[in-house]
$ cat upload_8.txt   # compact mmCIF, N, CA, C and O atoms
# COMPACT_ATOMS: atom_id res chain seq x y z
N MET A 266 -13.73 0.34 20.04
CA MET A 266 -13.67 0.91 18.70
C MET A 266 -12.25 1.36 18.36
O MET A 266 -11.78 1.14 17.27
N ALA A 267 -11.58 2.00 19.30
CA ALA A 267 -10.23 2.49 19.03
C ALA A 267 -9.26 1.35 18.75
O ALA A 267 -8.42 1.46 17.86
N LEU A 268 -9.40 0.24 19.48
CA LEU A 268 -8.51 -0.90 19.25
C LEU A 268 -8.72 -1.46 17.85
O LEU A 268 -7.75 -1.78 17.15
N HIS A 269 -9.96 -1.56 17.43
CA HIS A 269 -10.25 -2.04 16.07
C HIS A 269 -9.66 -1.09 15.03
O HIS A 269 -9.05 -1.53 14.05
N SER A 270 -9.79 0.21 15.26
CA SER A 270 -9.25 1.19 14.33
C SER A 270 -7.73 1.09 14.24
O SER A 270 -7.15 1.17 13.15
N LEU A 271 -7.09 0.90 15.38
CA LEU A 271 -5.64 0.76 15.38
C LEU A 271 -5.21 -0.52 14.68
O LEU A 271 -4.21 -0.53 13.95
N ASN A 272 -5.97 -1.58 14.86
CA ASN A 272 -5.68 -2.83 14.18
C ASN A 272 -5.80 -2.66 12.67
O ASN A 272 -4.97 -3.15 11.90
N GLU A 273 -6.84 -1.98 12.23
CA GLU A 273 -7.03 -1.72 10.80
C GLU A 273 -5.91 -0.82 10.24
O GLU A 273 -5.47 -1.01 9.11
N SER A 274 -5.45 0.12 11.03
CA SER A 274 -4.38 0.98 10.56
C SER A 274 -3.09 0.19 10.41
O SER A 274 -2.32 0.41 9.46
N LEU A 275 -2.84 -0.76 11.29
CA LEU A 275 -1.66 -1.62 11.17
C LEU A 275 -1.75 -2.47 9.92
O LEU A 275 -0.77 -2.62 9.19
N ARG A 276 -2.94 -3.01 9.65
CA ARG A 276 -3.13 -3.81 8.43
C ARG A 276 -2.89 -2.96 7.19
O ARG A 276 -2.18 -3.36 6.27
N ALA A 277 -3.46 -1.76 7.16
CA ALA A 277 -3.29 -0.88 6.00
C ALA A 277 -1.83 -0.51 5.81
O ALA A 277 -1.33 -0.50 4.68
N ALA A 278 -1.12 -0.21 6.89
CA ALA A 278 0.30 0.15 6.79
C ALA A 278 1.12 -1.02 6.26
O ALA A 278 2.04 -0.83 5.45
N THR A 279 0.76 -2.23 6.66
CA THR A 279 1.47 -3.42 6.17
C THR A 279 1.24 -3.61 4.68
O THR A 279 2.17 -3.92 3.93
N VAL A 280 0.00 -3.41 4.23
CA VAL A 280 -0.31 -3.54 2.80
C VAL A 280 0.44 -2.47 2.00
O VAL A 280 1.00 -2.76 0.93
N ILE A 281 0.46 -1.25 2.51
CA ILE A 281 1.16 -0.16 1.82
C ILE A 281 2.63 -0.53 1.64
O ILE A 281 3.18 -0.44 0.54
N ARG A 282 3.26 -0.95 2.72
CA ARG A 282 4.68 -1.31 2.67
C ARG A 282 4.92 -2.44 1.67
O ARG A 282 5.85 -2.40 0.85
N ALA A 283 4.07 -3.45 1.69
CA ALA A 283 4.24 -4.59 0.79
C ALA A 283 4.06 -4.18 -0.67
O ALA A 283 4.84 -4.59 -1.54
N GLN A 284 3.05 -3.38 -0.96
CA GLN A 284 2.79 -2.98 -2.34
C GLN A 284 3.88 -2.05 -2.89
O GLN A 284 4.27 -2.18 -4.05
N VAL A 285 4.37 -1.16 -2.06
CA VAL A 285 5.45 -0.26 -2.50
C VAL A 285 6.73 -1.07 -2.75
O VAL A 285 7.42 -0.86 -3.75
N THR A 286 7.02 -2.01 -1.87
CA THR A 286 8.19 -2.87 -2.05
C THR A 286 8.06 -3.71 -3.31
O THR A 286 9.01 -3.84 -4.10
N PHE A 287 6.87 -4.26 -3.55
CA PHE A 287 6.62 -5.07 -4.74
C PHE A 287 6.77 -4.23 -6.00
O PHE A 287 7.39 -4.67 -6.98
N ALA A 288 6.24 -3.01 -5.98
CA ALA A 288 6.36 -2.13 -7.14
C ALA A 288 7.82 -1.80 -7.43
O ALA A 288 8.25 -1.79 -8.60
N ALA A 289 8.60 -1.54 -6.40
CA ALA A 289 10.03 -1.25 -6.59
C ALA A 289 10.75 -2.47 -7.17
O ALA A 289 11.59 -2.34 -8.07
N TYR A 290 10.40 -3.65 -6.69
CA TYR A 290 10.98 -4.89 -7.20
C TYR A 290 10.64 -5.08 -8.68
O TYR A 290 11.52 -5.39 -9.51
N LEU A 291 9.38 -4.89 -9.03
CA LEU A 291 8.97 -5.03 -10.43
C LEU A 291 9.66 -4.00 -11.32
O LEU A 291 10.12 -4.34 -12.43
N ALA A 292 9.74 -2.78 -10.86
CA ALA A 292 10.37 -1.73 -11.66
C ALA A 292 11.85 -2.04 -11.89
O ALA A 292 12.37 -1.85 -13.00
N GLU A 293 12.51 -2.53 -10.88
CA GLU A 293 13.93 -2.89 -11.04
C GLU A 293 14.09 -4.05 -12.02
O GLU A 293 15.00 -4.05 -12.86
N ASN A 294 13.21 -5.04 -11.93
CA ASN A 294 13.27 -6.15 -12.89
C ASN A 294 13.00 -5.67 -14.31
O ASN A 294 13.66 -6.13 -15.26
N ASP A 295 12.05 -4.77 -14.48
CA ASP A 295 11.78 -4.21 -15.80
C ASP A 295 13.01 -3.50 -16.35
O ASP A 295 13.35 -3.64 -17.52
N ARG A 296 13.65 -2.73 -15.48
CA ARG A 296 14.84 -1.99 -15.92
C ARG A 296 15.97 -2.95 -16.28
O ARG A 296 16.61 -2.82 -17.32
N ARG A 297 16.18 -3.92 -15.44
CA ARG A 297 17.31 -4.83 -15.61
C ARG A 297 17.10 -5.84 -16.74
O ARG A 297 18.01 -6.12 -17.52
N TYR A 298 15.91 -6.40 -16.84
CA TYR A 298 15.68 -7.51 -17.76
C TYR A 298 14.79 -7.16 -18.95
O TYR A 298 14.52 -8.01 -19.80
N GLY A 299 14.32 -5.94 -18.99
CA GLY A 299 13.49 -5.51 -20.12
C GLY A 299 12.08 -6.09 -20.10
O GLY A 299 11.42 -6.13 -21.14
N THR A 300 11.62 -6.51 -18.95
CA THR A 300 10.25 -7.03 -18.84
C THR A 300 9.27 -5.87 -18.81
O THR A 300 9.66 -4.70 -18.69
N ASP A 301 8.00 -6.18 -18.91
CA ASP A 301 6.97 -5.15 -18.90
C ASP A 301 5.94 -5.47 -17.82
O ASP A 301 5.06 -6.30 -18.02
N SER A 302 6.07 -4.82 -16.70
CA SER A 302 5.18 -5.07 -15.57
C SER A 302 4.24 -3.90 -15.31
O SER A 302 3.77 -3.71 -14.20
N ARG A 303 3.97 -3.12 -16.35
CA ARG A 303 3.16 -1.91 -16.15
C ARG A 303 1.81 -2.19 -15.51
O ARG A 303 1.38 -1.46 -14.62
N SER A 304 1.12 -3.23 -15.96
CA SER A 304 -0.20 -3.51 -15.38
C SER A 304 -0.08 -3.92 -13.92
O SER A 304 -0.89 -3.51 -13.08
N ASP A 305 0.93 -4.71 -13.58
CA ASP A 305 1.14 -5.10 -12.18
C ASP A 305 1.57 -3.91 -11.34
O ASP A 305 1.17 -3.79 -10.18
N LEU A 306 2.39 -3.04 -11.90
CA LEU A 306 2.79 -1.82 -11.19
C LEU A 306 1.58 -0.93 -10.93
O LEU A 306 1.46 -0.34 -9.85
N ARG A 307 0.69 -0.85 -11.88
CA ARG A 307 -0.52 -0.05 -11.73
C ARG A 307 -1.38 -0.59 -10.58
O ARG A 307 -1.86 0.16 -9.73
N VAL A 308 -1.54 -1.91 -10.52
CA VAL A 308 -2.33 -2.53 -9.46
C VAL A 308 -1.67 -2.30 -8.10
O VAL A 308 -2.33 -1.93 -7.12
N ALA A 309 -0.36 -2.50 -8.02
CA ALA A 309 0.35 -2.29 -6.75
C ALA A 309 0.22 -0.85 -6.28
O ALA A 309 0.00 -0.59 -5.09
N THR A 310 0.33 0.08 -7.22
CA THR A 310 0.20 1.50 -6.88
C THR A 310 -1.21 1.82 -6.41
O THR A 310 -1.40 2.54 -5.42
N GLN A 311 -2.20 1.29 -7.10
CA GLN A 311 -3.60 1.52 -6.71
C GLN A 311 -3.88 0.96 -5.31
O GLN A 311 -4.54 1.61 -4.50
N GLU A 312 -3.38 -0.24 -5.05
CA GLU A 312 -3.58 -0.85 -3.73
C GLU A 312 -2.90 -0.04 -2.64
O GLU A 312 -3.46 0.16 -1.56
N ALA A 313 -1.69 0.43 -2.91
CA ALA A 313 -0.98 1.24 -1.92
C ALA A 313 -1.74 2.54 -1.66
O ALA A 313 -1.92 2.94 -0.50
N ARG A 314 -2.20 3.18 -2.71
CA ARG A 314 -2.95 4.44 -2.54
C ARG A 314 -4.27 4.23 -1.81
O ARG A 314 -4.65 5.02 -0.95
N ARG A 315 -4.97 3.16 -2.14
CA ARG A 315 -6.25 2.87 -1.49
C ARG A 315 -6.03 2.65 0.01
O ARG A 315 -6.75 3.19 0.85
N ASN A 316 -5.01 1.89 0.35
CA ASN A 316 -4.74 1.63 1.76
C ASN A 316 -4.19 2.86 2.47
O ASN A 316 -4.44 3.03 3.66
N LEU A 317 -3.49 3.70 1.75
CA LEU A 317 -3.04 4.96 2.35
C LEU A 317 -4.25 5.83 2.69
O LEU A 317 -4.30 6.44 3.77
N SER A 318 -5.22 5.86 1.82
CA SER A 318 -6.46 6.60 2.10
C SER A 318 -7.17 6.03 3.32
O SER A 318 -7.66 6.78 4.18
N GLU A 319 -7.23 4.71 3.41
CA GLU A 319 -7.85 4.07 4.57
C GLU A 319 -7.08 4.39 5.85
O GLU A 319 -7.68 4.64 6.90
N LEU A 320 -5.76 4.39 5.77
CA LEU A 320 -4.93 4.72 6.92
C LEU A 320 -5.17 6.16 7.37
O LEU A 320 -5.34 6.42 8.56
N GLU A 321 -5.23 7.06 6.42
CA GLU A 321 -5.50 8.46 6.75
C GLU A 321 -6.88 8.62 7.38
O GLU A 321 -7.05 9.36 8.35
N ALA A 322 -7.87 7.91 6.85
CA ALA A 322 -9.22 7.98 7.40
C ALA A 322 -9.26 7.42 8.82
O ALA A 322 -9.93 7.98 9.70
N THR A 323 -8.54 6.34 9.07
CA THR A 323 -8.50 5.77 10.40
C THR A 323 -7.88 6.74 11.39
O THR A 323 -8.41 6.94 12.49
N PHE A 324 -6.77 7.35 11.02
CA PHE A 324 -6.12 8.31 11.92
C PHE A 324 -7.02 9.52 12.16
O PHE A 324 -7.11 10.03 13.28
N SER A 325 -7.72 9.95 11.13
CA SER A 325 -8.63 11.07 11.29
C SER A 325 -9.75 10.70 12.26
O SER A 325 -10.15 11.50 13.12
N HIS A 326 -10.26 9.48 12.13
CA HIS A 326 -11.33 9.01 13.01
C HIS A 326 -10.83 8.93 14.46
O HIS A 326 -11.54 9.33 15.39
N ILE A 327 -9.63 8.41 14.65
CA ILE A 327 -9.08 8.30 16.00
C ILE A 327 -8.88 9.70 16.61
O ILE A 327 -9.22 9.93 17.77
N ARG A 328 -8.36 10.62 15.82
CA ARG A 328 -8.15 11.99 16.31
C ARG A 328 -9.48 12.65 16.71
O ARG A 328 -9.55 13.34 17.72
N SER A 329 -10.50 12.42 15.92
CA SER A 329 -11.79 13.07 16.21
C SER A 329 -12.49 12.41 17.39
O SER A 329 -13.37 13.01 18.01
N SER A 330 -12.11 11.18 17.71
CA SER A 330 -12.73 10.47 18.84
C SER A 330 -12.14 10.85 20.18
O SER A 330 -12.73 10.58 21.22
N THR A 331 -10.97 11.45 20.15
CA THR A 331 -10.31 11.78 21.43
C THR A 331 -10.54 13.21 21.85
O THR A 331 -10.96 14.05 21.17
$ encode --input "upload_8.txt" --output "structure tokens"
Amino acid sequence: MALHSLNESLRAATVIRAQVTFAAYLAENDRRYGTDSRSDLRVATQEARRNLSELEATFSHIRSST
């Protein structure tokens, strides 16, 4: 169970990093080129937050199991 939890935490951390990086990229393009990526930024932020919650839950589960 712990190995699976650690694997899921790695996946969640990877998604968080990717979504935050993507949001920063979109925001910079909006600033530089005047594009409007608000809906995509909203999705990236939601995905990062959802995975952060999953990561926190996984760590909480691991802590309570030991």
$ atom_distance --input "upload_8.txt" --atom1 "atom O of Arg297 in chain A" --atom2 "atom O of Val280 in chain A"
25.3 Å
$ residues_around --input "upload_8.txt" --residues "Ser274 in chain A" --least-positions-apart "6" --cutoff "7 Å" --atoms "all atoms listed in the file" --output "compact mmCIF listing (two decimals) with N, CA, C and O atoms, in the coordinates of the input"
# COMPACT_ATOMS: atom_id res chain seq x y z
N LEU A 268 -9.40 0.24 19.48
CA LEU A 268 -8.51 -0.90 19.25
C LEU A 268 -8.72 -1.46 17.85
O LEU A 268 -7.75 -1.78 17.15
N VAL A 280 0.00 -3.41 4.23
CA VAL A 280 -0.31 -3.54 2.80
C VAL A 280 0.44 -2.47 2.00
O VAL A 280 1.00 -2.76 0.93
N ASN A 316 -5.01 1.89 0.35
CA ASN A 316 -4.74 1.63 1.76
C ASN A 316 -4.19 2.86 2.47
O ASN A 316 -4.44 3.03 3.66
N GLU A 319 -7.23 4.71 3.41
CA GLU A 319 -7.85 4.07 4.57
C GLU A 319 -7.08 4.39 5.85
O GLU A 319 -7.68 4.64 6.90
N LEU A 320 -5.76 4.39 5.77
CA LEU A 320 -4.93 4.72 6.92
C LEU A 320 -5.17 6.16 7.37
O LEU A 320 -5.34 6.42 8.56
N THR A 323 -8.54 6.34 9.07
CA THR A 323 -8.50 5.77 10.40
C THR A 323 -7.88 6.74 11.39
O THR A 323 -8.41 6.94 12.49
N PHE A 324 -6.77 7.35 11.02
CA PHE A 324 -6.12 8.31 11.92
C PHE A 324 -7.02 9.52 12.16
O PHE A 324 -7.11 10.03 13.28
$ closest_residue --input "upload_8.txt" --among "A:Glu273, A:Thr286, A:Ile281, A:Ile327" --to "Ala313 in chain A" --atoms "only N, CA, C and O atoms"
A:Ile281
$ closest_residue --input "upload_8.txt" --among "A:Leu317, A:Gln311, A:Ala322, A:Thr331" --to "Ser270 in chain A" --atoms "all atoms listed in the file"
A:Ala322
$ closest_residue --input "upload_8.txt" --among "A:Arg328, A:Leu306, A:Arg315, A:Asn272" --to "Ala289 in chain A" --atoms "only N, CA, C and O atoms"
A:Leu306
$ axis_aligned_box --input "upload_8.txt" --around "range 302-320 of chain A" --padding-each-side "5 Å" --output "AutoDock Vina command-line options"
--center_x -0.9 --center_y 0.8 --center_z -4.1 --size_x 23.9 --size_y 21.9 --size_z 35.3
$ atom_distance --input "upload_8.txt" --atom1 "CA of Tyr290 in chain A" --atom2 "CA of Ala278 in chain A"
18.3 Å
$ closest_residue --input "upload_8.txt" --among "A:His269, A:Ala277, A:Glu321, A:Leu291" --to "Ser304 in chain A" --atoms "only C-alpha atoms"
A:Leu291
